[in-house]
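Coordinates from my_file-v2.cif are shown below (mmCIF, C-alpha atoms and all ligand atoms).
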data_start
#
loop_
_atom_site.label_atom_id
_atom_site.label_comp_id
_atom_site.auth_asym_id
_atom_site.auth_seq_id
_atom_site.Cartn_x
_atom_site.Cartn_y
_atom_site.Cartn_z
CA MET V 185 0.00 0.00 0.00
CA GLY V 186 3.03 2.24 0.51
CA ASN V 187 3.19 3.27 -3.11
CA LYS V 188 -0.47 4.25 -3.47
CA VAL V 189 -0.20 6.45 -0.37
CA LEU V 190 2.96 8.08 -1.70
CA ILE V 191 1.45 8.67 -5.14
CA ASP V 192 -1.58 10.42 -3.55
CA ILE V 193 0.68 12.56 -1.37
CA LEU V 194 2.87 13.54 -4.31
CA LYS V 195 -0.21 14.48 -6.31
CA CYS V 196 -1.35 16.98 -3.64
CA TYR V 197 2.21 18.29 -3.34
CA ASN V 198 2.62 18.76 -7.08
CA GLU V 199 -0.68 20.63 -7.26
CA ARG V 200 0.73 23.35 -5.01
CA GLU V 201 0.59 26.83 -6.41
CA ASN V 202 3.57 28.11 -8.29
CA LYS V 203 3.69 31.27 -6.19
CA THR V 204 6.33 32.45 -3.76
CA PRO V 205 4.35 32.82 -0.55
CA LEU V 206 5.39 35.12 2.24
CA VAL V 207 5.93 33.14 5.42
CA HIS V 208 6.04 35.08 8.67
CA PHE V 209 8.21 33.48 11.35
CA ILE V 210 8.43 34.35 15.00
CA THR V 211 11.16 31.89 15.86
CA ASN V 212 14.06 31.20 18.20
CA PHE V 213 17.49 32.84 17.91
CA VAL V 214 19.34 29.52 17.79
CA THR V 215 18.14 28.16 14.45
CA MET V 216 16.69 31.28 12.82
CA ASN V 217 19.07 31.41 9.85
CA ASP V 218 18.61 27.72 8.98
CA VAL V 219 14.84 28.14 9.27
CA ALA V 220 14.88 31.09 6.84
CA ASN V 221 16.98 29.11 4.36
CA ALA V 222 14.76 26.02 4.59
CA CYS V 223 11.76 28.21 3.72
CA LEU V 224 13.61 29.60 0.69
CA TYR V 225 14.60 26.10 -0.46
CA MET V 226 10.92 25.08 -0.34
CA GLY V 227 10.02 28.02 -2.59
CA GLY V 228 8.82 30.47 0.06
CA LYS V 229 9.87 33.96 1.06
CA PRO V 230 10.70 34.04 4.78
CA VAL V 231 10.37 37.09 6.99
CA MET V 232 11.59 36.92 10.58
CA ALA V 233 9.87 39.68 12.57
CA HIS V 234 9.08 39.75 16.26
CA TRP V 235 8.94 43.43 17.19
CA GLU V 236 5.39 44.14 18.27
CA GLN V 237 5.26 47.30 16.13
CA GLU V 238 6.02 45.36 12.96
CA ILE V 239 3.55 42.53 13.45
CA ASN V 240 0.49 44.23 11.98
CA GLU V 241 2.11 44.94 8.62
CA ILE V 242 3.89 41.65 8.22
CA THR V 243 1.28 39.14 9.43
CA SER V 244 -1.37 40.96 7.38
CA ALA V 245 0.71 40.43 4.25
CA ALA V 246 1.74 36.83 5.01
CA HIS V 247 0.39 33.59 3.52
CA SER V 248 1.20 31.56 6.62
CA LEU V 249 2.50 32.09 10.14
CA VAL V 250 5.04 29.88 11.96
CA LEU V 251 5.20 30.35 15.73
CA ASN V 252 8.21 28.70 17.35
CA LEU V 253 8.28 29.02 21.14
CA GLY V 254 12.06 28.63 21.61
CA THR V 255 13.97 31.50 23.35
CA PRO V 256 10.87 33.51 24.34
CA ASP V 257 10.64 36.69 26.41
CA GLU V 258 7.79 38.94 27.45
CA ALA V 259 7.84 41.14 24.35
CA ARG V 260 8.02 38.13 22.08
CA ILE V 261 5.07 36.48 23.79
CA ASP V 262 3.02 39.64 23.16
CA ALA V 263 4.15 39.60 19.53
CA ILE V 264 3.15 35.94 19.17
CA LYS V 265 -0.32 36.65 20.59
CA LYS V 266 -0.78 39.64 18.29
CA ALA V 267 0.37 37.77 15.20
CA ALA V 268 -1.93 34.85 16.04
CA ARG V 269 -4.88 37.26 16.31
CA ILE V 270 -4.16 38.74 12.89
CA ALA V 271 -3.56 35.32 11.30
CA GLU V 272 -6.91 34.15 12.59
CA ALA V 273 -8.70 37.21 11.19
CA LYS V 274 -6.98 36.63 7.83
CA ASP V 275 -7.54 32.86 8.00
CA ILE V 276 -3.99 31.93 7.01
CA PRO V 277 -2.47 28.62 8.18
CA VAL V 278 -0.77 28.80 11.58
CA ILE V 279 1.94 26.29 12.50
CA LEU V 280 2.84 26.03 16.17
CA ASP V 281 6.20 24.55 17.18
CA PRO V 282 6.05 24.32 20.99
CA VAL V 283 9.80 24.02 21.59
CA GLY V 284 10.57 23.04 25.18
CA ILE V 285 7.02 23.07 26.58
CA HIS V 286 7.76 19.85 28.44
CA VAL V 287 10.40 21.78 30.43
CA PHE V 288 9.15 25.39 30.66
CA SER V 289 5.70 26.01 32.14
CA VAL V 290 5.46 29.56 30.68
CA ARG V 291 5.76 28.11 27.20
CA LEU V 292 3.23 25.38 27.98
CA ASP V 293 0.77 28.03 29.21
CA LEU V 294 1.32 30.06 26.03
CA ALA V 295 0.85 27.02 23.77
CA ARG V 296 -2.40 26.13 25.57
CA TYR V 297 -3.58 29.77 25.37
CA LEU V 298 -3.00 29.78 21.61
CA LEU V 299 -4.80 26.50 21.07
CA GLU V 300 -7.77 27.53 23.19
CA ASN V 301 -8.14 31.11 22.01
CA ARG V 302 -6.72 31.30 18.50
CA GLN V 303 -6.74 29.38 15.25
CA VAL V 304 -3.84 26.91 15.25
CA ASN V 305 -3.88 24.59 12.24
CA VAL V 306 -0.75 22.48 12.71
CA LEU V 307 0.98 21.48 15.92
CA LYS V 308 4.51 20.16 15.24
CA GLY V 309 6.55 18.89 18.14
CA ASN V 310 8.83 16.10 19.24
CA TYR V 311 7.44 13.22 21.35
CA SER V 312 8.09 14.92 24.70
CA GLU V 313 6.57 18.24 23.61
CA VAL V 314 3.40 16.73 22.19
CA MET V 315 2.96 14.42 25.19
CA ALA V 316 3.25 17.47 27.48
CA PHE V 317 0.74 19.36 25.35
CA LEU V 318 -1.74 16.50 25.56
CA ASN V 319 -1.11 16.13 29.27
CA MET V 320 0.07 12.57 28.73
CA LYS V 321 3.15 10.95 30.23
CA SER V 322 5.97 10.12 27.81
CA ASN V 323 5.95 6.55 29.11
CA PHE V 324 2.67 6.05 27.25
CA ILE V 325 4.91 5.49 24.26
CA GLY V 326 5.20 1.81 23.33
CA ILE V 327 8.63 0.66 24.39
CA ASP V 328 8.14 -3.08 24.02
CA SER V 329 9.10 -3.04 20.40
CA LEU V 330 10.92 -0.26 18.61
CA GLU V 331 8.95 -1.13 15.48
CA GLU V 332 5.68 -0.75 17.31
CA GLY V 333 5.78 3.01 17.91
CA PHE V 334 2.84 4.43 19.85
CA LYS V 335 0.55 2.05 21.68
CA ARG V 336 -3.01 1.79 20.40
CA ASP V 337 -4.60 3.69 23.33
CA VAL V 338 -2.18 6.60 22.78
CA ILE V 339 -3.02 6.72 19.08
CA GLU V 340 -6.73 6.84 19.91
CA LYS V 341 -6.18 9.67 22.43
CA ILE V 342 -4.21 11.74 19.95
CA LYS V 343 -6.87 11.19 17.27
CA GLU V 344 -9.53 12.34 19.73
CA PHE V 345 -7.51 15.46 20.63
CA SER V 346 -7.03 16.23 16.95
CA GLU V 347 -10.75 15.79 16.29
CA ILE V 348 -11.84 18.00 19.20
CA ASN V 349 -9.41 20.78 18.28
CA LYS V 350 -9.58 20.34 14.48
CA LEU V 351 -5.80 20.22 14.67
CA TYR V 352 -3.21 18.57 12.41
CA ILE V 353 -0.56 17.06 14.68
CA VAL V 354 2.95 16.17 13.49
CA ILE V 355 5.07 14.27 16.00
CA THR V 356 8.79 13.70 15.42
CA GLY V 357 11.32 11.28 16.83
CA LYS V 358 12.81 7.97 15.73
CA GLU V 359 9.55 7.54 13.86
CA ASP V 360 7.28 10.41 12.89
CA TYR V 361 3.48 10.56 12.95
CA VAL V 362 0.91 12.78 11.28
CA PHE V 363 -2.60 12.89 12.73
CA TYR V 364 -5.79 14.53 11.62
CA LYS V 365 -9.00 13.40 13.29
CA ASP V 366 -9.37 9.70 12.48
CA ASN V 367 -6.58 9.73 9.91
CA ALA V 368 -3.08 8.90 11.10
CA VAL V 369 0.16 7.72 9.52
CA ARG V 370 3.51 6.55 10.82
CA ILE V 371 6.60 7.55 8.83
CA THR V 372 9.74 5.50 9.41
CA ASN V 373 12.24 7.55 7.40
CA GLY V 374 15.08 9.57 8.92
CA THR V 375 18.40 9.04 10.63
CA PRO V 376 19.60 9.44 14.24
CA LEU V 377 22.11 11.97 12.83
CA LEU V 378 19.21 14.45 12.57
CA SER V 379 19.11 14.55 16.37
CA LYS V 380 22.89 15.20 16.53
CA ILE V 381 22.48 18.68 15.08
CA THR V 382 20.24 21.43 16.40
CA GLY V 383 17.27 22.59 14.39
CA SER V 384 15.99 19.65 12.34
CA GLY V 385 12.65 20.03 14.12
CA CYS V 386 12.55 23.82 13.61
CA ILE V 387 13.43 23.25 9.96
CA LEU V 388 10.52 20.84 9.64
CA SER V 389 8.21 23.60 10.92
CA ALA V 390 9.64 25.94 8.28
CA ILE V 391 8.95 23.33 5.59
CA LEU V 392 5.39 22.82 6.84
CA GLY V 393 4.74 26.57 7.01
CA THR V 394 5.92 27.00 3.44
CA LEU V 395 4.05 23.99 2.01
CA CYS V 396 0.82 25.02 3.77
CA ALA V 397 1.18 28.53 2.32
CA LYS V 398 1.61 27.12 -1.18
CA GLY V 399 -0.95 24.31 -1.06
CA ASN V 400 -4.68 23.92 -0.61
CA LYS V 401 -6.25 23.98 2.83
CA LYS V 402 -7.96 20.66 2.11
CA ASP V 403 -4.54 19.07 1.49
CA ILE V 404 -2.87 19.99 4.77
CA PHE V 405 -2.67 16.35 5.92
CA SER V 406 -0.85 15.26 2.74
CA LEU V 407 1.37 18.34 2.85
CA CYS V 408 2.35 17.55 6.45
CA VAL V 409 3.28 13.99 5.41
CA MET V 410 5.18 15.31 2.41
CA GLY V 411 7.07 17.90 4.47
CA THR V 412 8.02 15.25 7.02
CA LEU V 413 9.25 12.96 4.24
CA ILE V 414 11.32 15.73 2.65
CA ASN V 415 13.01 16.50 5.97
CA SER V 416 13.75 12.88 6.86
CA ILE V 417 14.81 11.83 3.35
CA ALA V 418 17.14 14.84 3.08
CA GLY V 419 18.71 13.52 6.30
CA GLU V 420 19.02 10.00 4.84
CA LYS V 421 20.67 11.27 1.65
CA ALA V 422 23.09 13.41 3.68
CA GLN V 423 23.92 10.37 5.81
CA ASP V 424 24.71 8.37 2.66
CA LYS V 425 27.19 11.08 1.67
CA ILE V 426 29.08 11.33 4.98
CA LYS V 427 29.26 7.54 5.30
CA LYS V 428 31.20 7.38 2.07
CA SER V 429 33.67 10.08 3.11
CA HIS V 430 33.87 9.56 6.94
CA GLU V 431 32.88 13.16 7.69
CA GLY V 432 31.43 14.61 10.90
CA PHE V 433 28.18 16.09 12.21
CA HIS V 434 28.78 19.58 10.87
CA THR V 435 29.39 18.36 7.34
CA PHE V 436 26.30 16.17 7.73
CA LYS V 437 24.34 19.33 8.57
CA ASN V 438 25.53 21.09 5.41
CA TYR V 439 24.66 18.08 3.25
CA TYR V 440 21.24 17.82 4.93
CA LEU V 441 20.44 21.50 4.28
CA ASP V 442 21.64 21.08 0.71
CA GLU V 443 19.53 17.96 0.18
CA LEU V 444 16.37 19.80 1.31
CA SER V 445 16.31 21.49 -2.08
CA LEU V 446 17.15 18.28 -3.95
CA VAL V 447 14.60 15.71 -2.71
CA ASN V 448 12.53 14.81 -5.78
CA ASP V 449 9.54 12.62 -6.66
CA ASP V 450 11.78 9.59 -7.29
CA ASP V 451 13.37 9.93 -3.84
CA ILE V 452 9.91 10.05 -2.27
CA LEU V 453 8.68 6.99 -4.21
CA SER V 454 11.81 4.90 -3.70
CA ARG V 455 12.57 5.85 -0.07
CA GLY V 456 9.25 6.91 1.46
CA ARG V 457 7.90 4.62 4.20
CA VAL V 458 4.42 5.74 5.22
CA PHE V 459 1.92 3.45 6.97
CA TYR V 460 -1.64 4.09 8.12
CA VAL V 461 -2.10 3.42 11.84
N1 LIG L 1 16.54 8.52 15.99
C1 LIG L 1 16.05 9.03 14.85
N2 LIG L 1 15.92 8.26 13.75
C2 LIG L 1 15.45 8.77 12.61
N3 LIG L 1 15.06 10.06 12.45
C3 LIG L 1 15.14 10.88 13.50
C4 LIG L 1 15.64 10.43 14.76
N4 LIG L 1 15.62 11.46 15.64
C5 LIG L 1 15.13 12.51 14.95
N5 LIG L 1 14.83 12.17 13.68
C6 LIG L 1 14.28 13.06 12.63
O1 LIG L 1 14.76 14.36 12.89
C7 LIG L 1 13.77 15.35 12.60
C8 LIG L 1 13.56 16.23 13.83
O2 LIG L 1 13.03 15.45 14.85
P1 LIG L 1 13.34 15.71 16.40
O3 LIG L 1 12.31 14.91 17.16
O4 LIG L 1 14.78 15.44 16.70
O5 LIG L 1 13.01 17.26 16.49
P2 LIG L 1 13.30 18.33 17.61
O6 LIG L 1 13.62 17.65 18.92
O7 LIG L 1 12.16 19.27 17.62
O8 LIG L 1 14.59 19.05 17.02
P3 LIG L 1 15.20 20.53 17.27
O9 LIG L 1 14.68 21.00 18.61
O10 LIG L 1 16.69 20.34 17.26
O11 LIG L 1 14.75 21.42 16.17
C9 LIG L 1 12.53 14.57 12.16
O12 LIG L 1 12.45 14.59 10.75
C10 LIG L 1 12.77 13.14 12.67
O13 LIG L 1 12.20 12.19 11.84
C1 LIG L 2 18.80 24.65 21.48
C2 LIG L 2 17.64 25.55 21.50
N1 LIG L 2 17.34 26.28 22.62
C3 LIG L 2 16.27 27.04 22.46
S1 LIG L 2 15.57 26.92 20.93
C4 LIG L 2 16.75 25.80 20.43
C5 LIG L 2 16.78 25.25 19.05
C6 LIG L 2 16.25 23.87 18.94
O1 LIG L 2 14.91 23.76 19.15
#
Produce structure tokens that represent the structure in this file.
Ligand SMILES: Nc1ncnc2c1ncn2[C@@H]1O[C@H](COP(=O)(O)OP(=O)(O)OP(=O)(O)O)[C@@H](O)[C@H]1O
Ligand SMILES: Cc1ncsc1CCO
Amino acid sequence: MGNKVLIDILKCYNERENKTPLVHFITNFVTMNDVANACLYMGGKPVMAHWEQEINEITSAAHSLVLNLGTPDEARIDAIKKAARIAEAKDIPVILDPVGIHVFSVRLDLARYLLENRQVNVLKGNYSEVMAFLNMKSNFIGIDSLEEGFKRDVIEKIKEFSEINKLYIVITGKEDYVFYKDNAVRITNGTPLLSKITGSGCILSAILGTLCAKGNKKDIFSLCVMGTLINSIAGEKAQDKIKKSHEGFHTFKNYYLDELSLVNDDDILSRGRVFYV
């Protein structure tokens, strides 16, 4: 069934508009430059702006909004709330990357505020962040078999949360998941090297923000799967390169960023591993 799923996903992806959408990012200082480049490689035009006085102009002109909660402060939190209000009024896709909410309660409160009071279309986090968001313990994750991924009761709870909040949920880790209401897939692409560099999760949010700005609203599920595949397969192709030449993590990172712009339909069809759960 893998191939049929991949063909359908590619079809939605290839129907994306041939425009260069403006993507407004309020994002952390650590990975900001890589995030801007990832957006460009996906065919978007990134603008990083977090000064409260600039939000009105830029969010009003944007085609999507990516809110990354890393390195926050008071002024930035106000900017995030303002941008989310404008995005909702304009009905542009909003991607929330709740970096560190499993550690920092202020960020968790902000993420919950946004979900409860504003339009958030896509939540993208790693296992720990999403489990914290859903108020579930990380040990709900199936650990009996590494192939097994989430246990059935966890999958059902995430589907229910997605349904109630009309929220696309992308969860990253050794295996990635995309949920929307009763629809859910497990993606087994990627490489542990992606967790040896900082920012592969932030970059995925940039990819999702750009694809959602270019694609149709009805295709967000497929676009989330496609974005996740691009990120993980770029990592796999970069890994192939450093294995041949015995190079280190930093070179891996450069190859990975480079491969983001090179993943093509053949890579998706030959490497993609997507399974309904
Ligand atoms: N052990 C692994 N095996 C395969 N792929 C992995 C592994 N760990 C992470 N990845 C991939 O790395 C990407 C980022 O996932 P991860 O969960 O590490 O994000 P993150 O913790 O939010 O990262 P960051 O905070 O550095 O931006 C995803 O595409 C995921 O599939
Ligand atoms: C390391 C780090 N600290 C805050 S944001 C960030 C980037 C990865 O999410």
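Minimum distance to ligand LIG 2 (chain L) across V:Pro376, V:Gly254, V:Gly399, V:Gly357 (counting all atoms listed in the file) occurs at V:Gly254.
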Could you work out an axis-aligned bounding box for all listed atoms of ligand LIG 1 (chain L), with 4 Å added on each of the six sides, and give its centre and edge lengths in Å to one decimal, as AutoDock Vina command-line options?
--center_x 14.4 --center_y 14.8 --center_z 14.8 --size_x 12.5 --size_y 21.2 --size_z 16.2
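In this model, the gap between CA of Gly228 in chain V and CA of Gly393 in chain V comes to 9.0 Å.
Atom to atom, CA of Asn310 in chain V and CA of Tyr225 in chain V stand 22.8 Å apart.
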(request) Give me, please, the distance in Å between CA of Thr382 in chain V and atom P2 of ligand LIG 1 (chain L), quoted to one decimal. (result) 7.7 Å
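Residues with any atom within 10 Å of Asn301 in chain V, counting all atoms listed in the file and excluding same-chain neighbours fewer than 4 positions away, are Lys265, Ala268, Arg269, Glu272, Arg296 and Tyr297 of chain V.
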(message) Give me the residues near range 449-455 of chain V as a list in words, where near means some atom within 9 Å (using all atoms listed in the file) and where sequence neighbours in that chain fewer than 4 positions away do not count.
(response) Gly186, Asn187, Leu190, Ile191, Leu194, Asn373, Met410, Leu413, Ile414 and Ile417 of chain V
Residues from last step as file, C-alpha atoms, as a PDB file, keeping the file's coordinate frame:
ATOM      1  CA  GLY V 186       3.030   2.240   0.510  1.00  0.00           C
ATOM      2  CA  ASN V 187       3.190   3.270  -3.110  1.00  0.00           C
ATOM      3  CA  LEU V 190       2.960   8.080  -1.700  1.00  0.00           C
ATOM      4  CA  ILE V 191       1.450   8.670  -5.140  1.00  0.00           C
ATOM      5  CA  LEU V 194       2.870  13.540  -4.310  1.00  0.00           C
ATOM      6  CA  ASN V 373      12.240   7.550   7.400  1.00  0.00           C
ATOM      7  CA  MET V 410       5.180  15.310   2.410  1.00  0.00           C
ATOM      8  CA  LEU V 413       9.250  12.960   4.240  1.00  0.00           C
ATOM      9  CA  ILE V 414      11.320  15.730   2.650  1.00  0.00           C
ATOM     10  CA  ILE V 417      14.810  11.830   3.350  1.00  0.00           C
TER      11      ILE V 417
END
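Pocket residues of ligand LIG 2 (chain L), taken as those with any atom at most 7 Å away using only C-alpha atoms and all ligand atoms, are Asn212, Phe213, Val214, Thr215, Gly254, Thr255, Val283, Thr382, Gly383, Gly385 and Cys386 of chain V.
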